[in-house]
Structures are given as structure tokens and as C-alpha cells.
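For reference, upload.csv is printed below; it contains CSV, C-alpha atoms and all ligand atoms.
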```
chain,number,residue,atom,x,y,z
A,133,MET,CA,-6.4,-8.5,12.4
A,134,ARG,CA,-4.5,-9.8,9.4
A,135,LEU,CA,-5.5,-8.3,6.1
A,136,ILE,CA,-4.4,-7.7,2.6
A,137,LEU,CA,-5.4,-4.3,1.3
A,138,LEU,CA,-5.9,-4.3,-2.5
A,139,GLY,CA,-6.7,-1.3,-4.6
A,140,ALA,CA,-5.3,1.1,-7.2
A,141,PRO,CA,-2.7,3.7,-6.3
A,142,GLY,CA,-4.7,6.4,-4.5
A,143,ALA,CA,-7.5,4.1,-3.5
A,144,GLY,CA,-6.8,4.9,0.1
A,145,LYS,CA,-5.0,1.7,1.3
A,146,GLY,CA,-2.5,3.7,3.4
A,147,THR,CA,-5.2,5.9,5.0
A,148,VAL,CA,-7.4,2.9,5.8
A,149,ALA,CA,-4.4,1.0,7.2
A,150,LYS,CA,-3.4,3.9,9.5
A,151,LEU,CA,-7.0,4.1,10.8
A,152,LEU,CA,-7.0,0.3,11.4
A,153,THR,CA,-3.8,0.3,13.4
A,154,SER,CA,-5.4,2.2,16.2
A,155,VAL,CA,-8.3,-0.3,16.3
A,156,ASP,CA,-6.3,-3.3,17.6
A,157,GLY,CA,-2.6,-2.6,17.4
A,158,SER,CA,-2.1,-4.3,14.1
A,159,VAL,CA,0.9,-2.9,12.2
A,160,GLN,CA,0.8,-1.3,8.8
A,161,ILE,CA,3.3,-2.9,6.4
A,162,SER,CA,3.7,-0.8,3.3
A,163,THR,CA,6.2,-2.1,0.7
A,164,GLY,CA,6.1,1.3,-0.9
A,165,ASP,CA,7.2,3.0,2.4
A,166,ILE,CA,9.9,0.3,3.0
A,167,LEU,CA,11.3,0.9,-0.5
A,168,ARG,CA,11.2,4.7,-0.3
A,169,ALA,CA,13.1,4.5,3.0
A,170,ALA,CA,15.7,2.2,1.4
A,171,VAL,CA,16.1,4.6,-1.6
A,172,LYS,CA,16.5,7.6,0.7
A,173,ALA,CA,19.1,5.7,2.9
A,174,GLY,CA,21.0,4.6,-0.3
A,175,THR,CA,21.0,0.9,0.7
A,176,GLU,CA,21.7,-1.9,-1.7
A,177,LEU,CA,17.9,-2.6,-1.8
A,178,GLY,CA,17.3,1.1,-2.5
A,179,LYS,CA,19.7,1.1,-5.4
A,180,LYS,CA,18.1,-2.0,-6.9
A,181,ALA,CA,14.6,-0.5,-6.6
A,182,GLU,CA,15.1,3.1,-7.5
A,183,ALA,CA,14.9,3.1,-11.3
A,184,ALA,CA,11.7,1.0,-11.5
A,185,MET,CA,10.0,3.1,-8.8
A,186,LYS,CA,10.8,6.4,-10.5
A,187,ALA,CA,9.3,5.0,-13.8
A,188,GLY,CA,6.1,3.8,-12.1
A,189,GLU,CA,7.0,0.2,-12.8
A,190,LEU,CA,7.1,-2.7,-10.3
A,191,VAL,CA,10.1,-3.8,-8.4
A,192,SER,CA,11.0,-7.5,-9.0
A,193,ASP,CA,9.0,-10.1,-7.2
A,194,ASP,CA,12.2,-11.7,-5.8
A,195,LEU,CA,13.2,-8.4,-4.1
A,196,ILE,CA,9.8,-7.9,-2.7
A,197,MET,CA,9.5,-11.4,-1.3
A,198,GLY,CA,12.9,-11.0,0.3
A,199,ILE,CA,11.7,-8.0,2.1
A,200,MET,CA,8.4,-9.5,3.2
A,201,GLY,CA,9.9,-12.9,4.2
A,202,GLU,CA,11.9,-11.0,6.8
A,203,ARG,CA,9.3,-8.4,7.7
A,204,LEU,CA,6.6,-10.9,8.6
A,205,LEU,CA,8.9,-12.6,11.1
A,206,GLU,CA,9.3,-9.4,13.2
A,207,ASP,CA,7.8,-9.3,16.6
A,208,ASP,CA,5.3,-6.5,16.0
A,209,CYS,CA,3.5,-8.7,13.5
A,210,LYS,CA,2.2,-10.9,16.3
A,211,ALA,CA,-0.5,-8.3,17.1
A,212,GLY,CA,-1.7,-8.5,13.5
A,213,PHE,CA,-0.8,-6.8,10.2
A,214,LEU,CA,-2.2,-4.8,7.4
A,215,LEU,CA,-0.5,-5.4,4.1
A,216,ASP,CA,-0.6,-2.2,2.1
A,217,GLY,CA,0.7,-2.4,-1.5
A,218,PHE,CA,1.6,-6.1,-1.2
A,219,PRO,CA,1.0,-8.5,-2.9
A,220,ARG,CA,1.0,-6.7,-6.2
A,221,THR,CA,1.3,-9.5,-8.7
A,222,ILE,CA,-0.1,-13.1,-9.0
A,223,PRO,CA,3.4,-14.6,-8.3
A,224,GLN,CA,3.7,-12.5,-5.2
A,225,ALA,CA,0.2,-13.7,-4.1
A,226,GLU,CA,1.2,-17.3,-4.7
A,227,ALA,CA,4.5,-16.8,-2.8
A,228,LEU,CA,2.7,-15.1,0.1
A,229,LYS,CA,0.3,-18.1,0.3
A,230,VAL,CA,3.3,-20.5,0.7
A,231,LEU,CA,5.0,-18.2,3.2
A,232,LEU,CA,1.9,-17.9,5.4
A,233,THR,CA,1.3,-21.6,5.4
A,234,LYS,CA,4.9,-22.1,6.5
A,235,LEU,CA,4.5,-19.6,9.3
A,236,ASN,CA,1.1,-21.0,10.2
A,237,ILE,CA,-0.6,-17.7,9.8
A,238,GLU,CA,-4.2,-17.3,8.5
A,239,LEU,CA,-5.5,-14.1,7.0
A,240,ASP,CA,-8.9,-12.6,7.9
A,241,ALA,CA,-9.6,-11.2,4.4
A,242,ALA,CA,-8.2,-9.6,1.2
A,243,VAL,CA,-10.0,-6.3,1.1
A,244,ASN,CA,-10.5,-4.7,-2.3
A,245,LEU,CA,-11.0,-0.9,-2.2
A,246,ASP,CA,-12.9,-0.1,-5.3
A,247,VAL,CA,-12.6,3.6,-6.4
A,248,PRO,CA,-13.6,5.1,-9.8
A,249,ARG,CA,-10.7,6.0,-12.0
A,250,ASP,CA,-11.5,9.8,-12.2
A,251,VAL,CA,-11.4,10.0,-8.4
A,252,ILE,CA,-8.1,8.2,-8.3
A,253,LEU,CA,-6.5,10.5,-10.9
A,254,ASP,CA,-7.7,13.6,-9.1
A,255,ARG,CA,-6.4,12.3,-5.8
A,256,LEU,CA,-2.9,11.3,-7.1
A,257,THR,CA,-2.2,14.5,-8.9
A,258,THR,CA,-3.1,16.5,-5.8
A,259,ARG,CA,-1.3,14.2,-3.3
A,260,ARG,CA,1.8,15.4,-1.4
A,261,THR,CA,4.1,13.4,0.9
A,262,CYS,CA,6.4,14.3,3.7
A,263,VAL,CA,10.0,13.1,2.8
A,264,ASP,CA,10.8,12.5,6.4
A,265,CYS,CA,7.9,10.7,8.0
A,266,GLY,CA,5.8,9.7,5.0
A,267,ALA,CA,2.7,11.7,6.1
A,268,ILE,CA,0.2,12.2,3.3
A,269,TYR,CA,-1.4,15.5,2.5
A,270,ASN,CA,-3.6,16.8,-0.3
A,271,VAL,CA,-3.4,20.3,-1.7
A,272,LYS,CA,-7.2,20.4,-2.0
A,273,SER,CA,-8.7,18.4,0.8
A,274,SER,CA,-6.0,18.3,3.5
A,275,PRO,CA,-3.2,20.8,2.9
A,276,CYS,CA,-0.3,21.4,5.3
A,277,LYS,CA,-0.8,24.4,7.7
A,278,VAL,CA,2.3,25.9,6.3
A,279,GLU,CA,2.8,25.1,2.6
A,280,GLY,CA,5.5,22.5,2.0
A,281,VAL,CA,6.1,21.9,5.7
A,282,CYS,CA,5.0,18.7,7.6
A,283,ASP,CA,2.5,19.3,10.5
A,284,VAL,CA,3.4,16.1,12.3
A,285,ASP,CA,4.6,16.9,15.8
A,286,GLY,CA,8.4,17.1,15.8
A,287,CYS,CA,8.7,16.4,12.1
A,288,GLY,CA,8.7,19.6,10.1
A,289,GLY,CA,10.0,17.7,7.0
A,290,ASN,CA,9.6,18.9,3.4
A,291,VAL,CA,6.2,18.0,1.9
A,292,VAL,CA,6.6,17.4,-1.8
A,293,GLN,CA,5.1,15.7,-4.8
A,294,ARG,CA,6.6,12.2,-5.2
A,295,ASP,CA,8.9,11.5,-8.2
A,296,ASP,CA,6.4,8.9,-9.3
A,297,GLU,CA,3.5,11.3,-9.1
A,298,THR,CA,4.1,13.2,-12.2
A,299,GLU,CA,1.2,12.8,-14.7
A,300,GLU,CA,3.3,10.5,-16.9
A,301,ALA,CA,4.3,8.2,-14.0
A,302,ILE,CA,0.8,8.1,-12.6
A,303,SER,CA,-0.7,7.0,-15.8
A,304,LYS,CA,2.0,4.3,-16.0
A,305,ARG,CA,1.3,3.2,-12.5
A,306,LEU,CA,-2.4,2.9,-13.3
A,307,ASP,CA,-1.6,0.8,-16.4
A,308,VAL,CA,0.7,-1.4,-14.3
A,309,PHE,CA,-2.1,-1.8,-11.7
A,310,ASN,CA,-4.7,-2.8,-14.3
A,311,GLU,CA,-2.4,-5.3,-15.9
A,312,GLN,CA,-0.6,-6.9,-13.0
A,313,THR,CA,-2.5,-6.1,-9.8
A,314,ALA,CA,-6.2,-6.1,-10.7
A,315,PRO,CA,-6.1,-9.9,-11.4
A,316,LEU,CA,-5.5,-10.4,-7.6
A,317,VAL,CA,-9.2,-9.6,-7.1
A,318,GLY,CA,-10.1,-12.8,-9.0
A,319,PHE,CA,-7.3,-14.7,-7.2
A,320,TYR,CA,-8.6,-13.9,-3.7
A,321,LYS,CA,-12.2,-14.5,-4.8
A,322,GLY,CA,-11.1,-18.0,-5.8
A,323,GLU,CA,-9.5,-18.4,-2.4
A,324,ASP,CA,-12.8,-17.3,-0.8
A,325,MET,CA,-11.1,-14.4,1.0
A,326,LEU,CA,-12.4,-11.4,-0.9
A,327,LEU,CA,-14.2,-8.5,0.7
A,328,ASP,CA,-15.1,-6.0,-2.0
A,329,ILE,CA,-15.9,-2.4,-0.8
A,330,ASN,CA,-17.0,0.7,-2.7
A,331,ALA,CA,-14.4,2.9,-1.1
A,332,THR,CA,-15.1,6.6,-1.5
A,333,SER,CA,-15.1,7.2,2.2
A,334,SER,CA,-12.3,5.8,4.4
A,335,ASP,CA,-14.4,5.8,7.5
A,336,ALA,CA,-17.1,3.6,5.8
A,337,VAL,CA,-14.3,1.2,4.7
A,338,VAL,CA,-13.0,0.9,8.2
A,339,ASP,CA,-16.6,0.2,9.5
A,340,ALA,CA,-17.1,-2.5,6.8
A,341,ILE,CA,-13.8,-4.1,7.7
A,342,LYS,CA,-14.5,-4.1,11.5
A,343,ALA,CA,-17.9,-5.8,10.8
A,344,LYS,CA,-16.2,-8.4,8.7
A,345,VAL,CA,-13.5,-9.3,11.3
A,346,GLY,CA,-16.0,-9.0,14.2
A,347,ILE,CA,-14.4,-6.1,16.1
B,401,LIG,P1,1.0,3.5,-4.6
B,401,LIG,O1,0.8,4.8,-4.1
B,401,LIG,O2,1.1,3.3,-6.1
B,401,LIG,O3,0.2,2.5,-3.9
B,401,LIG,P2,3.3,2.5,-3.2
B,401,LIG,O4,3.8,3.5,-2.3
B,401,LIG,O5,2.6,1.3,-2.7
B,401,LIG,O6,2.5,3.3,-4.3
B,401,LIG,O7,4.6,2.0,-4.1
B,401,LIG,C1,5.4,2.8,-4.8
B,401,LIG,C2,6.3,2.1,-5.8
B,401,LIG,O8,7.0,1.1,-5.1
B,401,LIG,C3,5.5,1.3,-6.8
B,401,LIG,O9,5.2,2.0,-7.9
B,401,LIG,C4,6.5,0.2,-7.2
B,401,LIG,O10,7.6,0.6,-8.0
B,401,LIG,C5,7.1,-0.1,-5.8
B,401,LIG,N1,6.4,-1.2,-5.1
B,401,LIG,C6,5.8,-1.1,-3.9
B,401,LIG,N2,5.2,-2.3,-3.5
B,401,LIG,C7,5.5,-3.2,-4.5
B,401,LIG,C8,5.3,-4.5,-4.7
B,401,LIG,N3,4.5,-5.3,-3.8
B,401,LIG,N4,5.8,-5.1,-5.8
B,401,LIG,C9,6.5,-4.5,-6.7
B,401,LIG,N5,6.8,-3.2,-6.6
B,401,LIG,C10,6.3,-2.5,-5.5
B,402,ZN,ZN,6.7,14.6,8.4
```

Will you turn the file into C-alpha cells for me?
Amino acid sequence: MRLILLGAPGAGKGTVAKLLTSVDGSVQISTGDILRAAVKAGTELGKKAEAAMKAGELVSDDLIMGIMGERLLEDDCKAGFLLDGFPRTIPQAEALKVLLTKLNIELDAAVNLDVPRDVILDRLTTRRTCVDCGAIYNVKSSPCKVEGVCDVDGCGGNVVQRDDETEEAISKRLDVFNEQTAPLVGFYKGEDMLLDINATSSDAVVDAIKAKVGI
């Protein structure tokens, strides 16, 4: 399947994407993960992205389109892809439309994961991430077996609160989301591609998506 996953930070885009990859072999493409890996590796891309990310602001559309223009050409995308955290602005959505037309790729849907703001805030402040493999934990609902240590087989990385998950950066990210990303719901509605889901349970979201794409 080929999907865009829309939704606020903490809406569950990453969780849903991971669940969907095992349904039909589609790959999860998370611009946030790509950027965090670049920052960690200290690449040119990482250096350009770091300050904006730390402040909870968006990285420039040009930088993101450069990443995605290359990523969508990779072989593993042939089995399908789940765009997690991209597009994030109207210019990115417009540029993606042009790119997909050029590549002759049609999307199944743009899925909007709708989650109440209080649920989002609670999830983000309690979320923890493995610095090595990116696995997500939650201090309340799914803690690591050993505090601060990743459970994933063979990983054992440090599990920490992300730099952009301080209360200040979270509130900034939610403002940025409301201003720049929320308008994408209207954009994809206009393109007749929108699937709106009340997304408090990830399993229910996966079922709704499977029904929509006919799997
Ligand atoms: P979230 O948990 O907020 O969904 P992500 O992991 O998707 O976070 O992204 C983390 C940060 O990476 C964002 O706050 C932003 O700085 C940057 N970023 C990720 N994807 C994009 C994008 N498509 N456009 C601009 N910036 C992005
Ligand atoms: Zn790990």
C-alpha cells in the first residue's frame, strides 16, 4: 500500500506505520528518523537540520524534498510505502504531488489520525526513544524491562527523552503542527484522498486502513 500518515506529533503515525509494514511489506519512511540519524552521524544534512529540530521547528522544505526525492527512488519502495511525518507543509504536499506524477505513482489515501490534544500531550511527555534503533517506549504504558535500556534483541541502546520532548519544545511542535501541518487535511480532502480516523487505538486504525485499501 501507498499511504500518507497525517496527524499531530504523538498521534501514533510511527506505531501505525510499523504495524502496517508487516501487513504487506510496505516500508515505513519517517523523515524524523532519517533526520535524527543524520544528526547523530554528523553529516552535512544533520548539521543543517539540527538547530530547527532541537527547537521543535520544521526543517526547510527544500532539504526535506531533497531527502524524499532520493528516498522514493530506492528499490524497497516498490513494495509500497508509508509516509510518516511527511509531507508536513502545503508546499511539501504540492511538491510531493508533482514528484509522484513524475514517478507515475498513485497513493491509496492520506490517512488523518485524529487524537485529542490532552491525549497527545500526555503521550509526548511520557514517551522515550532508543538512541540506537529508534524503538519507542512509554514510561506509563510500555516501559523498558530495565529502565533506560532498549529491549530490542541485540540493541541494548540508551532509552532517553528526546531533546525535542521537553515541555517547551513539545508545545512549540504542537503550535507548528496546528499552523503548518493541520491545513494538509483540507488539502487532501480537496484531492479526494482523505481517510479521517478517530485514532485512540492503533489496532482500530490499522483495521480501518486495511478495509480502505482492501487488504
Ligand atoms: P513527531 O514526533 O513530531 O512526529 P518527527 O520524528 O516526525 O516528530 O520529526 C522530528 C523533527 O524533525 C520535527 O520536529 C522537525 O524539526 C523535523 N522534521 C521531520 N519531518 C519533517 C518534515 N516533513 N518537514 C520539516 N521538518 C521535519
Ligand atoms: Zn534500541

- prompt: Residues at most 8 Å from segment 279-287 of chain A, counting all atoms listed in the file, excluding those fewer than 5 positions away in the same chain, as a PyMOL selection string?
  reply: chain A and resi 262+264-265+267+292

- request: Go through A:Pro141, A:Gly346, A:Gly164, A:Pro275 and flag the residue nearest Phe309 of chain A, using only C-alpha atoms for the distances.
  value: A:Pro141

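For ligand LIG 401 (chain B), the neighbouring protein, DNA and RNA residues, which are those within 7 Å when all atoms listed in the file are counted, are Ala140, Pro141, Gly142, Ser162, Thr163, Gly164, Asp165, Leu167, Ala184, Met185, Gly188, Glu189, Leu190, Val191, Ser192, Asp193, Ile196, Asp216, Gly217, Phe218, Pro219, Arg220, Thr221 and Arg305 of chain A.
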
Go ahead and write the selection's residues with C-alpha atoms as an mmCIF file, keeping the file's coordinate frame.
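To be explicit, this is the file written out as out-v3.cif:
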```
data_model
loop_
_atom_site.group_PDB
_atom_site.id
_atom_site.type_symbol
_atom_site.label_atom_id
_atom_site.label_comp_id
_atom_site.auth_asym_id
_atom_site.auth_seq_id
_atom_site.Cartn_x
_atom_site.Cartn_y
_atom_site.Cartn_z
ATOM 1 C CA ALA A 140 -5.300 1.100 -7.200
ATOM 2 C CA PRO A 141 -2.700 3.700 -6.300
ATOM 3 C CA GLY A 142 -4.700 6.400 -4.500
ATOM 4 C CA SER A 162 3.700 -0.800 3.300
ATOM 5 C CA THR A 163 6.200 -2.100 0.700
ATOM 6 C CA GLY A 164 6.100 1.300 -0.900
ATOM 7 C CA ASP A 165 7.200 3.000 2.400
ATOM 8 C CA LEU A 167 11.300 0.900 -0.500
ATOM 9 C CA ALA A 184 11.700 1.000 -11.500
ATOM 10 C CA MET A 185 10.000 3.100 -8.800
ATOM 11 C CA GLY A 188 6.100 3.800 -12.100
ATOM 12 C CA GLU A 189 7.000 0.200 -12.800
ATOM 13 C CA LEU A 190 7.100 -2.700 -10.300
ATOM 14 C CA VAL A 191 10.100 -3.800 -8.400
ATOM 15 C CA SER A 192 11.000 -7.500 -9.000
ATOM 16 C CA ASP A 193 9.000 -10.100 -7.200
ATOM 17 C CA ILE A 196 9.800 -7.900 -2.700
ATOM 18 C CA ASP A 216 -0.600 -2.200 2.100
ATOM 19 C CA GLY A 217 0.700 -2.400 -1.500
ATOM 20 C CA PHE A 218 1.600 -6.100 -1.200
ATOM 21 C CA PRO A 219 1.000 -8.500 -2.900
ATOM 22 C CA ARG A 220 1.000 -6.700 -6.200
ATOM 23 C CA THR A 221 1.300 -9.500 -8.700
ATOM 24 C CA ARG A 305 1.300 3.200 -12.500
#
```

- prompt: Separation of atom CA of Asn244 of chain A and atom CA of Ser274 of chain A, in Å?
  reply: 24.1 Å

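Taking only C-alpha atoms, the non-local environment of Val155 of chain A within 12 Å (same-chain residues fewer than 6 positions away omitted) comprises Met133, Val148, Ala149, Ala211, Gly212, Phe213, Leu214, Val338, Asp339, Ile341, Lys342, Val345, Gly346 and Ile347 of chain A.
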
Kindly output segment 335-346 of chain A as a JSON list (two decimals), keeping the file's coordinate frame, after building all heavy atoms.
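For reference, part35.json as written:
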```
[["chain", "number", "residue", "atom", "x", "y", "z"],
["A", 335, "ASP", "N", -13.75, 6.17, 6.29],
["A", 335, "ASP", "CA", -14.40, 5.80, 7.50],
["A", 335, "ASP", "C", -15.41, 4.62, 7.26],
["A", 335, "ASP", "O", -15.50, 3.68, 8.05],
["A", 335, "ASP", "CB", -15.18, 6.95, 8.16],
["A", 335, "ASP", "CG", -14.19, 7.95, 8.76],
["A", 335, "ASP", "OD1", -13.07, 7.53, 9.12],
["A", 335, "ASP", "OD2", -14.53, 9.14, 8.85],
["A", 336, "ALA", "N", -16.12, 4.71, 6.13],
["A", 336, "ALA", "CA", -17.10, 3.60, 5.80],
["A", 336, "ALA", "C", -16.31, 2.34, 5.54],
["A", 336, "ALA", "O", -16.78, 1.25, 5.92],
["A", 336, "ALA", "CB", -17.88, 4.05, 4.56],
["A", 337, "VAL", "N", -15.14, 2.44, 4.94],
["A", 337, "VAL", "CA", -14.30, 1.20, 4.70],
["A", 337, "VAL", "C", -13.92, 0.61, 6.01],
["A", 337, "VAL", "O", -14.03, -0.61, 6.20],
["A", 337, "VAL", "CB", -13.07, 1.60, 3.87],
["A", 337, "VAL", "CG1", -12.16, 0.39, 3.73],
["A", 337, "VAL", "CG2", -13.46, 2.13, 2.50],
["A", 338, "VAL", "N", -13.47, 1.43, 6.94],
["A", 338, "VAL", "CA", -13.00, 0.90, 8.20],
["A", 338, "VAL", "C", -14.20, 0.21, 8.94],
["A", 338, "VAL", "O", -14.04, -0.89, 9.48],
["A", 338, "VAL", "CB", -12.48, 2.06, 9.12],
["A", 338, "VAL", "CG1", -12.29, 1.62, 10.56],
["A", 338, "VAL", "CG2", -11.16, 2.55, 8.54],
["A", 339, "ASP", "N", -15.39, 0.80, 8.89],
["A", 339, "ASP", "CA", -16.60, 0.20, 9.50],
["A", 339, "ASP", "C", -16.88, -1.19, 8.88],
["A", 339, "ASP", "O", -17.15, -2.16, 9.58],
["A", 339, "ASP", "CB", -17.79, 1.09, 9.41],
["A", 339, "ASP", "CG", -17.65, 2.30, 10.33],
["A", 339, "ASP", "OD1", -16.80, 2.26, 11.24],
["A", 339, "ASP", "OD2", -18.39, 3.29, 10.14],
["A", 340, "ALA", "N", -16.80, -1.25, 7.55],
["A", 340, "ALA", "CA", -17.10, -2.50, 6.80],
["A", 340, "ALA", "C", -16.07, -3.59, 7.23],
["A", 340, "ALA", "O", -16.42, -4.76, 7.42],
["A", 340, "ALA", "CB", -17.09, -2.29, 5.34],
["A", 341, "ILE", "N", -14.82, -3.18, 7.38],
["A", 341, "ILE", "CA", -13.80, -4.10, 7.70],
["A", 341, "ILE", "C", -13.97, -4.63, 9.18],
["A", 341, "ILE", "O", -13.88, -5.83, 9.46],
["A", 341, "ILE", "CB", -12.37, -3.52, 7.57],
["A", 341, "ILE", "CG1", -12.09, -3.31, 6.07],
["A", 341, "ILE", "CG2", -11.30, -4.41, 8.19],
["A", 341, "ILE", "CD1", -10.82, -2.55, 5.76],
["A", 342, "LYS", "N", -14.29, -3.71, 10.08],
["A", 342, "LYS", "CA", -14.50, -4.10, 11.50],
["A", 342, "LYS", "C", -15.67, -5.10, 11.55],
["A", 342, "LYS", "O", -15.58, -6.09, 12.29],
["A", 342, "LYS", "CB", -14.86, -2.87, 12.31],
["A", 342, "LYS", "CG", -13.62, -2.05, 12.71],
["A", 342, "LYS", "CD", -14.14, -0.93, 13.49],
["A", 342, "LYS", "CE", -13.61, -0.05, 14.35],
["A", 342, "LYS", "NZ", -14.25, 1.14, 14.72],
["A", 343, "ALA", "N", -16.72, -4.85, 10.79],
["A", 343, "ALA", "CA", -17.90, -5.80, 10.80],
["A", 343, "ALA", "C", -17.43, -7.14, 10.32],
["A", 343, "ALA", "O", -17.80, -8.17, 10.90],
["A", 343, "ALA", "CB", -19.00, -5.21, 9.94],
["A", 344, "LYS", "N", -16.62, -7.15, 9.27],
["A", 344, "LYS", "CA", -16.20, -8.40, 8.70],
["A", 344, "LYS", "C", -15.32, -9.23, 9.65],
["A", 344, "LYS", "O", -15.50, -10.44, 9.79],
["A", 344, "LYS", "CB", -15.38, -8.12, 7.39],
["A", 344, "LYS", "CG", -14.57, -9.27, 6.85],
["A", 344, "LYS", "CD", -15.42, -10.20, 6.01],
["A", 344, "LYS", "CE", -14.57, -11.35, 5.46],
["A", 344, "LYS", "NZ", -15.39, -12.28, 4.70],
["A", 345, "VAL", "N", -14.39, -8.57, 10.36],
["A", 345, "VAL", "CA", -13.50, -9.30, 11.30],
["A", 345, "VAL", "C", -14.10, -9.45, 12.67],
["A", 345, "VAL", "O", -13.50, -10.08, 13.53],
["A", 345, "VAL", "CB", -12.06, -8.82, 11.30],
["A", 345, "VAL", "CG1", -11.40, -8.88, 9.94],
["A", 345, "VAL", "CG2", -11.99, -7.39, 11.83],
["A", 346, "GLY", "N", -15.26, -8.82, 12.88],
["A", 346, "GLY", "CA", -16.00, -9.00, 14.20],
["A", 346, "GLY", "C", -15.33, -8.20, 15.30],
["A", 346, "GLY", "O", -15.21, -8.70, 16.41]]
```
